[in-house]
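A.B. asks: Quick one: the structure is below, questions incoming.
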Amino acid sequence: MHCVLNMASHMVRGKGYIVSSGCSLVEACRMKVLGAAVRGRSSGVCGGPARPRGEALVVGSSPELVQRLGSQVEVRTGFITEEEEGLLLTELDHSLKKKRYQFDHWDDAIHGYRETERASWGAACQEVLNRVRSVAFPEGSPLLGPVHILDLDKTGYIKPHVDSVKFCGSTIAGLSLLSDSIMRLVKEDAHDEWLDLLLPRLSLYILRDQARYDFTHQILKDEESVFSGQRVPRLRRISVICRNLPG
């Protein structure tokens, strides 16, 4: 059960422009208000917290930019359950524990991280990844085989970058485990054009085409993690990332 970002309508909030999210099943989910934190942190999973109807998942520098990238930026809340998150973490825990968090990166793109790749999964986790691939990639699209696992320390962050076009194709899809976070997209040749994506724990984000090639993306530091004027605490975060091959 998951809620899909509806990019069809927008309204102004403060200095940014927002796209309201829709979830036809949200009435079946328990609501939880977090006060000063982001209202209704969403999992979209029955029995867990859910985002109220109309709460935005994407804000942008202009309504035109939000509309233009509407089909290329997607956030699906509650794409996995807490049980599925636990299964993924169990499979990843052994290999991640062997690595230390690093505070530099070969191309200076990531700070406070450890990473690995995984090609073989248990049946339950493989079903989750098949679900990711079925919604994120066109049928028959050649996929990059190993799944990329990126574990960010609470103090870690991902700096603005564009994934290598040599190794990665037109689409990036990632599951967010353990923590909410903010992903920021900024146009490479026009830094006043930007989008902020609220990525709740258990959600799936998808970047396609222009949003993937022409915009840098980053995960904000905990101290900078503010979405539409509201603080979003950033804890340790693991992303499970699938990509397709270059065309």
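Every chain in the structure tokens has a letter given in the order shown (A, B, ...), and although residue numbers restart at 1 in each chain, ligands are simply numbered from 1 in the order shown.
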Near segment 147-154 of chain A, within 12 Å and counting only C-alpha atoms, which residues show up once chain neighbours fewer than 6 positions away are dropped, as a VMD selection string?
C.D. replies: chain A and resid 88 to 89 91 to 93 95 to 97 99 to 103 110 to 121 125 to 126 129 to 130 132 to 133 168 172 to 181 219 to 223 225 233 to 244
A.B. asks: Within 10 Å of Val128 of chain A, counting only C-alpha atoms, which residues show up once you throw out same-chain ones fewer than 5 positions away? Write them as a compact mmCIF listing (two decimals) with C-alpha atoms, in the first residue's frame, please.
C.D. replies:
# COMPACT_ATOMS: atom_id res chain seq x y z
CA PHE A 79 6.51 1.88 -0.57
CA ILE A 80 7.83 -0.75 1.84
CA THR A 81 6.61 -1.84 5.25
CA GLU A 84 10.35 -5.30 4.78
CA GLU A 85 12.74 -2.62 5.99
CA LEU A 87 14.45 -7.80 6.26
CA LEU A 88 16.61 -5.52 4.10
CA ALA A 123 13.48 -14.22 -1.66
CA ARG A 133 12.14 -2.14 -10.71
CA SER A 134 8.60 -2.71 -11.99
CA LEU A 175 14.50 3.23 -1.06
A.B. asks: To test your reading of the structure, identify every residue in segment 52-231 of chain A that backbone DSSP assigns to strand (DSSP E or B), and report it as a PyMOL selection string.
C.D. replies: chain A and resi 56-60+73-77+102+110-118+143+147-161+171-177+181-187+190-199+204-208+215-219+226-227+230-231
A.B. asks: Please measure the separation of atom CA of Asp196 of chain A and atom CA of Ser228 of chain A, giving the value in Å to one decimal.
C.D. replies: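 If I compute the distance from atom CA of Asp196 of chain A to atom CA of Ser228 of chain A, I get 8.6 Å.
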A.B. asks: Could you give me the residues within segment 83-178 of chain A that DSSP places in alpha helix (DSSP H), as a PDB file with N, CA and C atoms, in the first residue's frame?
C.D. replies:
ATOM      1  N   GLU A  83       8.332  -4.132   8.301  1.00  0.00           N
ATOM      2  CA  GLU A  83       8.825  -5.512   8.265  1.00  0.00           C
ATOM      3  C   GLU A  83       9.794  -5.714   7.106  1.00  0.00           C
ATOM      4  N   GLU A  84       9.460  -5.182   5.935  1.00  0.00           N
ATOM      5  CA  GLU A  84      10.348  -5.302   4.775  1.00  0.00           C
ATOM      6  C   GLU A  84      11.632  -4.526   5.002  1.00  0.00           C
ATOM      7  N   GLU A  85      11.537  -3.366   5.643  1.00  0.00           N
ATOM      8  CA  GLU A  85      12.739  -2.615   5.995  1.00  0.00           C
ATOM      9  C   GLU A  85      13.651  -3.473   6.878  1.00  0.00           C
ATOM     10  N   GLY A  86      13.057  -4.140   7.860  1.00  0.00           N
ATOM     11  CA  GLY A  86      13.836  -4.994   8.748  1.00  0.00           C
ATOM     12  C   GLY A  86      14.523  -6.131   8.013  1.00  0.00           C
ATOM     13  N   LEU A  87      13.843  -6.721   7.044  1.00  0.00           N
ATOM     14  CA  LEU A  87      14.452  -7.796   6.258  1.00  0.00           C
ATOM     15  C   LEU A  87      15.639  -7.289   5.447  1.00  0.00           C
ATOM     16  N   LEU A  88      15.495  -6.110   4.848  1.00  0.00           N
ATOM     17  CA  LEU A  88      16.607  -5.522   4.097  1.00  0.00           C
ATOM     18  C   LEU A  88      17.785  -5.227   5.019  1.00  0.00           C
ATOM     19  N   LEU A  89      17.513  -4.649   6.173  1.00  0.00           N
ATOM     20  CA  LEU A  89      18.582  -4.311   7.116  1.00  0.00           C
ATOM     21  C   LEU A  89      19.302  -5.557   7.620  1.00  0.00           C
ATOM     22  N   THR A  90      18.548  -6.621   7.852  1.00  0.00           N
ATOM     23  CA  THR A  90      19.159  -7.871   8.311  1.00  0.00           C
ATOM     24  C   THR A  90      20.137  -8.406   7.275  1.00  0.00           C
ATOM     25  N   GLU A  91      19.752  -8.345   6.006  1.00  0.00           N
ATOM     26  CA  GLU A  91      20.651  -8.838   4.950  1.00  0.00           C
ATOM     27  C   GLU A  91      21.874  -7.951   4.783  1.00  0.00           C
ATOM     28  N   LEU A  92      21.722  -6.658   5.055  1.00  0.00           N
ATOM     29  CA  LEU A  92      22.822  -5.716   4.814  1.00  0.00           C
ATOM     30  C   LEU A  92      23.754  -5.581   6.009  1.00  0.00           C
ATOM     31  N   ASP A  93      23.262  -5.911   7.184  1.00  0.00           N
ATOM     32  CA  ASP A  93      23.985  -5.620   8.418  1.00  0.00           C
ATOM     33  C   ASP A  93      25.374  -6.247   8.450  1.00  0.00           C
ATOM     34  N   HIS A  94      25.491  -7.493   8.045  1.00  0.00           N
ATOM     35  CA  HIS A  94      26.774  -8.195   8.152  1.00  0.00           C
ATOM     36  C   HIS A  94      27.850  -7.529   7.305  1.00  0.00           C
ATOM     37  N   SER A  95      27.527  -7.208   6.055  1.00  0.00           N
ATOM     38  CA  SER A  95      28.545  -6.621   5.173  1.00  0.00           C
ATOM     39  C   SER A  95      28.859  -5.182   5.561  1.00  0.00           C
ATOM     40  N   LEU A  96      27.856  -4.426   6.043  1.00  0.00           N
ATOM     41  CA  LEU A  96      28.114  -3.037   6.422  1.00  0.00           C
ATOM     42  C   LEU A  96      28.956  -2.952   7.690  1.00  0.00           C
ATOM     43  N   LYS A  97      28.734  -3.876   8.629  1.00  0.00           N
ATOM     44  CA  LYS A  97      29.485  -3.830   9.886  1.00  0.00           C
ATOM     45  C   LYS A  97      30.977  -4.053   9.670  1.00  0.00           C
ATOM     46  N   ALA A 123      14.699 -14.288  -0.850  1.00  0.00           N
ATOM     47  CA  ALA A 123      13.477 -14.218  -1.658  1.00  0.00           C
ATOM     48  C   ALA A 123      12.615 -13.002  -1.314  1.00  0.00           C
ATOM     49  N   ALA A 124      12.445 -12.710  -0.021  1.00  0.00           N
ATOM     50  CA  ALA A 124      11.577 -11.602   0.379  1.00  0.00           C
ATOM     51  C   ALA A 124      12.150 -10.260  -0.065  1.00  0.00           C
ATOM     52  N   CYS A 125      13.459 -10.076   0.094  1.00  0.00           N
ATOM     53  CA  CYS A 125      14.094  -8.827  -0.328  1.00  0.00           C
ATOM     54  C   CYS A 125      14.113  -8.713  -1.851  1.00  0.00           C
ATOM     55  N   GLN A 126      14.298  -9.828  -2.526  1.00  0.00           N
ATOM     56  CA  GLN A 126      14.275  -9.808  -3.988  1.00  0.00           C
ATOM     57  C   GLN A 126      12.901  -9.375  -4.499  1.00  0.00           C
ATOM     58  N   GLU A 127      11.846  -9.785  -3.798  1.00  0.00           N
ATOM     59  CA  GLU A 127      10.500  -9.376  -4.193  1.00  0.00           C
ATOM     60  C   GLU A 127      10.339  -7.866  -4.064  1.00  0.00           C
ATOM     61  N   VAL A 128      10.905  -7.288  -2.999  1.00  0.00           N
ATOM     62  CA  VAL A 128      10.863  -5.830  -2.813  1.00  0.00           C
ATOM     63  C   VAL A 128      11.574  -5.137  -3.971  1.00  0.00           C
ATOM     64  N   LEU A 129      12.764  -5.634  -4.324  1.00  0.00           N
ATOM     65  CA  LEU A 129      13.532  -5.016  -5.406  1.00  0.00           C
ATOM     66  C   LEU A 129      12.834  -5.187  -6.750  1.00  0.00           C
ATOM     67  N   ASN A 130      12.193  -6.316  -6.953  1.00  0.00           N
ATOM     68  CA  ASN A 130      11.417  -6.501  -8.188  1.00  0.00           C
ATOM     69  C   ASN A 130      10.286  -5.484  -8.271  1.00  0.00           C
ATOM     70  N   ARG A 131       9.694  -5.179  -7.122  1.00  0.00           N
ATOM     71  CA  ARG A 131       8.625  -4.180  -7.081  1.00  0.00           C
ATOM     72  C   ARG A 131       9.168  -2.795  -7.424  1.00  0.00           C
ATOM     73  N   VAL A 132      10.343  -2.468  -6.895  1.00  0.00           N
ATOM     74  CA  VAL A 132      10.989  -1.197  -7.235  1.00  0.00           C
ATOM     75  C   VAL A 132      11.218  -1.110  -8.738  1.00  0.00           C
ATOM     76  N   ARG A 133      11.796  -2.159  -9.292  1.00  0.00           N
ATOM     77  CA  ARG A 133      12.144  -2.138 -10.708  1.00  0.00           C
ATOM     78  C   ARG A 133      10.905  -2.069 -11.594  1.00  0.00           C
ATOM     79  N   SER A 134       9.810  -2.694 -11.157  1.00  0.00           N
ATOM     80  CA  SER A 134       8.604  -2.715 -11.986  1.00  0.00           C
ATOM     81  C   SER A 134       7.952  -1.343 -12.084  1.00  0.00           C
ATOM     82  N   VAL A 135       8.087  -0.512 -11.047  1.00  0.00           N
ATOM     83  CA  VAL A 135       7.463   0.808 -11.100  1.00  0.00           C
ATOM     84  C   VAL A 135       8.419   1.889 -11.595  1.00  0.00           C
ATOM     85  N   ALA A 136       9.735   1.640 -11.476  1.00  0.00           N
ATOM     86  CA  ALA A 136      10.695   2.699 -11.789  1.00  0.00           C
ATOM     87  C   ALA A 136      11.233   2.652 -13.210  1.00  0.00           C
TER      88      ALA A 136
END
A.B. asks: Which polymer residues have any atom within 12 Å of an atom of Lys166 of chain A, counting only C-alpha atoms, with same-chain residues fewer than 2 positions away left out, as a VMD selection string?
C.D. replies: chain A and resid 144 162 to 164 168 to 170 213 244 to 247
A.B. asks: Based on the selection just made, write N, CA, C and O atoms of those residues as a PDB file, in the first residue's frame.
C.D. replies:
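Saved result, out-v8.pdb, follows:
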ATOM      1  N   LEU A 144      21.354  -2.087 -14.271  1.00  0.00           N
ATOM      2  CA  LEU A 144      22.663  -2.292 -13.656  1.00  0.00           C
ATOM      3  C   LEU A 144      22.504  -3.394 -12.622  1.00  0.00           C
ATOM      4  O   LEU A 144      21.671  -3.293 -11.721  1.00  0.00           O
ATOM      5  N   VAL A 162      26.138  14.811 -10.044  1.00  0.00           N
ATOM      6  CA  VAL A 162      25.357  14.104 -11.060  1.00  0.00           C
ATOM      7  C   VAL A 162      26.000  12.736 -11.235  1.00  0.00           C
ATOM      8  O   VAL A 162      27.209  12.634 -11.455  1.00  0.00           O
ATOM      9  N   ASP A 163      25.226  11.678 -11.123  1.00  0.00           N
ATOM     10  CA  ASP A 163      25.768  10.328 -11.268  1.00  0.00           C
ATOM     11  C   ASP A 163      26.407  10.149 -12.643  1.00  0.00           C
ATOM     12  O   ASP A 163      25.914  10.684 -13.649  1.00  0.00           O
ATOM     13  N   SER A 164      27.494   9.399 -12.695  1.00  0.00           N
ATOM     14  CA  SER A 164      28.250   9.202 -13.924  1.00  0.00           C
ATOM     15  C   SER A 164      27.365   8.684 -15.063  1.00  0.00           C
ATOM     16  O   SER A 164      26.667   7.676 -14.905  1.00  0.00           O
ATOM     17  N   CYS A 168      25.738   4.817 -15.514  1.00  0.00           N
ATOM     18  CA  CYS A 168      24.326   4.826 -15.125  1.00  0.00           C
ATOM     19  C   CYS A 168      23.476   5.432 -16.236  1.00  0.00           C
ATOM     20  O   CYS A 168      23.889   6.396 -16.890  1.00  0.00           O
ATOM     21  N   GLY A 169      22.272   4.891 -16.399  1.00  0.00           N
ATOM     22  CA  GLY A 169      21.375   5.333 -17.450  1.00  0.00           C
ATOM     23  C   GLY A 169      20.469   6.469 -17.019  1.00  0.00           C
ATOM     24  O   GLY A 169      20.807   7.285 -16.162  1.00  0.00           O
ATOM     25  N   SER A 170      19.260   6.492 -17.572  1.00  0.00           N
ATOM     26  CA  SER A 170      18.374   7.640 -17.453  1.00  0.00           C
ATOM     27  C   SER A 170      17.569   7.674 -16.166  1.00  0.00           C
ATOM     28  O   SER A 170      16.897   8.672 -15.884  1.00  0.00           O
ATOM     29  N   TYR A 213      19.862  14.024 -15.384  1.00  0.00           N
ATOM     30  CA  TYR A 213      21.041  14.455 -16.138  1.00  0.00           C
ATOM     31  C   TYR A 213      21.413  15.922 -15.926  1.00  0.00           C
ATOM     32  O   TYR A 213      22.590  16.274 -15.894  1.00  0.00           O
ATOM     33  N   ASN A 244      19.410   1.921 -14.110  1.00  0.00           N
ATOM     34  CA  ASN A 244      19.478   1.196 -15.367  1.00  0.00           C
ATOM     35  C   ASN A 244      20.791   1.518 -16.078  1.00  0.00           C
ATOM     36  O   ASN A 244      21.532   2.449 -15.680  1.00  0.00           O
ATOM     37  N   LEU A 245      21.110   0.735 -17.098  1.00  0.00           N
ATOM     38  CA  LEU A 245      22.356   0.934 -17.840  1.00  0.00           C
ATOM     39  C   LEU A 245      22.199   2.067 -18.846  1.00  0.00           C
ATOM     40  O   LEU A 245      21.085   2.352 -19.304  1.00  0.00           O
ATOM     41  N   PRO A 246      23.305   2.694 -19.239  1.00  0.00           N
ATOM     42  CA  PRO A 246      23.227   3.715 -20.276  1.00  0.00           C
ATOM     43  C   PRO A 246      22.639   3.134 -21.566  1.00  0.00           C
ATOM     44  O   PRO A 246      22.878   1.991 -21.913  1.00  0.00           O
ATOM     45  N   GLY A 247      21.865   3.961 -22.257  1.00  0.00           N
ATOM     46  CA  GLY A 247      21.217   3.506 -23.493  1.00  0.00           C
ATOM     47  C   GLY A 247      22.195   3.424 -24.637  1.00  0.00           C
ATOM     48  O   GLY A 247      23.291   3.940 -24.599  1.00  0.00           O
TER      49      GLY A 247
END
A.B. asks: Quick check, in Å to one decimal: how far apart do atom CA of Ser203 of chain A and atom CA of Ala190 of chain A lie?
C.D. replies: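 A separation of 28.6 Å between them.
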A.B. asks: When you draw a straight line from atom CA of Val59 of chain A to atom CA of Ala211 of chain A, how long is it in Å?
C.D. replies: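 Atom CA of Val59 of chain A sits 14.1 Å away from atom CA of Ala211 of chain A.
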A.B. asks: Check the smallest atom-to-atom distance from each of A:Leu195, A:Leu69, A:Val232, A:Ile206 to Met183 of chain A using only C-alpha atoms, then report the winner.
C.D. replies: A:Leu195
A.B. asks: Just checking: using only C-alpha atoms, which residue out of A:Gly122, A:Gln210, A:Ile182, A:Gly156 ends up closest to Arg68 of chain A?
C.D. replies: A:Gln210
A.B. asks: List the spatial neighbours of His191 of chain A as a PyMOL selection string - criterion: any atom at most 12 Å away, only C-alpha atoms, same-chain residues fewer than 3 positions off excluded.
C.D. replies: chain A and resi 61+160+184-188+194-195+214-216
